[in-house]
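> This structure is in structure tokens; I'll ask about it shortly.
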Amino acid sequence: MKTKKRKIVLVIDNCTAHTDLPTLENVNVIFLPANTTSHLQPLDQGVIHSFKRYYRKEVVKHVLTCLQKNTKPEINVLLAIKFASKAWYAISDITIKNCFKKAGFCTDAGNSAEEDDVDVPSIEEWSTLLFCENSVENPTFEDFVRVDDNVIVAGELTEDDIIANLTMANNSAEEDDEENENLTVTEKPVPNKQETLKALETVHRFLEFSSSVDKSLFDKIYALEKEVENINIKKQTKITDLFNPFK
């Protein structure tokens with residue numbers, strides 16, 4: 001940015017985590033006025049909501065798939081990260097631009113393009129999920145998306161609160177260490193090169209029978225096959241492989 005002589009403005013809210021900033025030479029920091037984040041921050045004008053809709057759509061799909069396979073639906077950290085990555089990738093630049101306009105960052109009075117239309121679960125799929133969860137009420141998918149909209153995620157802490165949190169964190173860490181000593185982690189086997197190429201071949205055959213598929217996808221599959229063929233999968237290195245602790 002400095003080489004290109006860019007003029008950069010970083011607009012952030014006045015959360016206490018944002019106040020301890022390093023010295024910036026090519027970035028001008030502007031703080032939003034107090035109690036205006038929900039009105040002036042583009043994320044709050046639809047970006048977060050769009051992200052949550054895509055993410056929770058992936059959660060519903062995963063649970064329904066597990067139910068069909070008669071397996072327990074579990075979501076670990078890795079799977080949650082994959083859902084989040086897929087959700088963020090699905091948000092269009094049109095949605096982000098519209099949210100900046102709505103927050104007042106753009107004075108263009110032109111017509112705004114339509115925002116993302118998330119393919120929500122069908123009525124049958126959602127009813128299946130509610131039945132399996134033995135839900136007494138009948139929430140909609142939109143209720144599921146907005147379930148934590150009013151959850152308080154930050155607040156003012158007193159000195160007593162901070163001390164109590166630190167004490168609790170230290171005690172919890174000690175308990176976790178004791179539990180981890182007896183914890184056995186079961187790792188899923190890494191698919192070999194032949195299995196991976198076979199999976200890509202299956203995807204290729206599936207797309208061949210779709211009349212509306214983008215033909216450029218085939219080139220991407222070919223590129224993936226080339227990358228897989230050039231990858232050498234090595235056995236995971238152990239820390240004891242790097243040095244001899246008994247020397």
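Here's how to read the names in the structure tokens: chain A, B, ... by the order shown, residue numbers from 1 in each chain, ligand numbers from 1 in the order shown.
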What lies within 9 Å of A:Phe51 using only C-alpha atoms, ignoring chain neighbours under 6 positions off, as a ChimeraX atom specification?
/A:84,87-88,90-91
> Mind writing the picked residues with C-alpha atoms as a compact mmCIF listing (two decimals), in the first residue's frame?

# COMPACT_ATOMS: atom_id res chain seq x y z
CA ALA A 84 -17.90 -21.22 7.64
CA ALA A 87 -20.70 -19.84 3.72
CA TRP A 88 -18.32 -16.90 3.33
CA ALA A 90 -21.16 -18.02 -1.09
CA ILE A 91 -21.74 -14.37 -0.09
> Within 10 Å of stretch 190-203 of chain A, counting only C-alpha atoms, which residues show up once you throw out same-chain ones fewer than 5 positions away? Write them as a ChimeraX atom specification, please.
/A:208,218,221-222,224-226,228-233,235
> Write out as a PyMOL selection string each polymer residue whose atoms come within 12 Å of stretch 4-21 of chain A, counting only C-alpha atoms; drop sequence neighbours fewer than 2 positions from it.
chain A and resi 1-2+23-44+100+103+105+153-157
> Given only C-alpha atoms as the basis, pick out the residue of A:Ile96, A:Glu142, A:Ser122, A:Gln45 nearest to A:Lys61.
A:Ser122
> When you count only C-alpha atoms, which of these residues is closest to A:Pro121: A:Thr3, A:Thr140, A:Asn70, A:Ser50?
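The closest residue to A:Pro121 is A:Thr140.
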> May I ask for the distance between atom CA of A:Tyr54 and atom CA of A:Lys86, given in Å to one decimal place?
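Going from atom CA of A:Tyr54 over to atom CA of A:Lys86, I get 8.0 Å.
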> Please compute the atom CA of A:Leu67-atom CA of A:Asn138 distance, one decimal, in Å.
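Spanning atom CA of A:Leu67 to atom CA of A:Asn138 is a straight-line distance of 19.4 Å.
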> Using Å and a single decimal, report how far atom CA of A:Ile94 sits from atom CA of A:Ile152.
29.2 Å
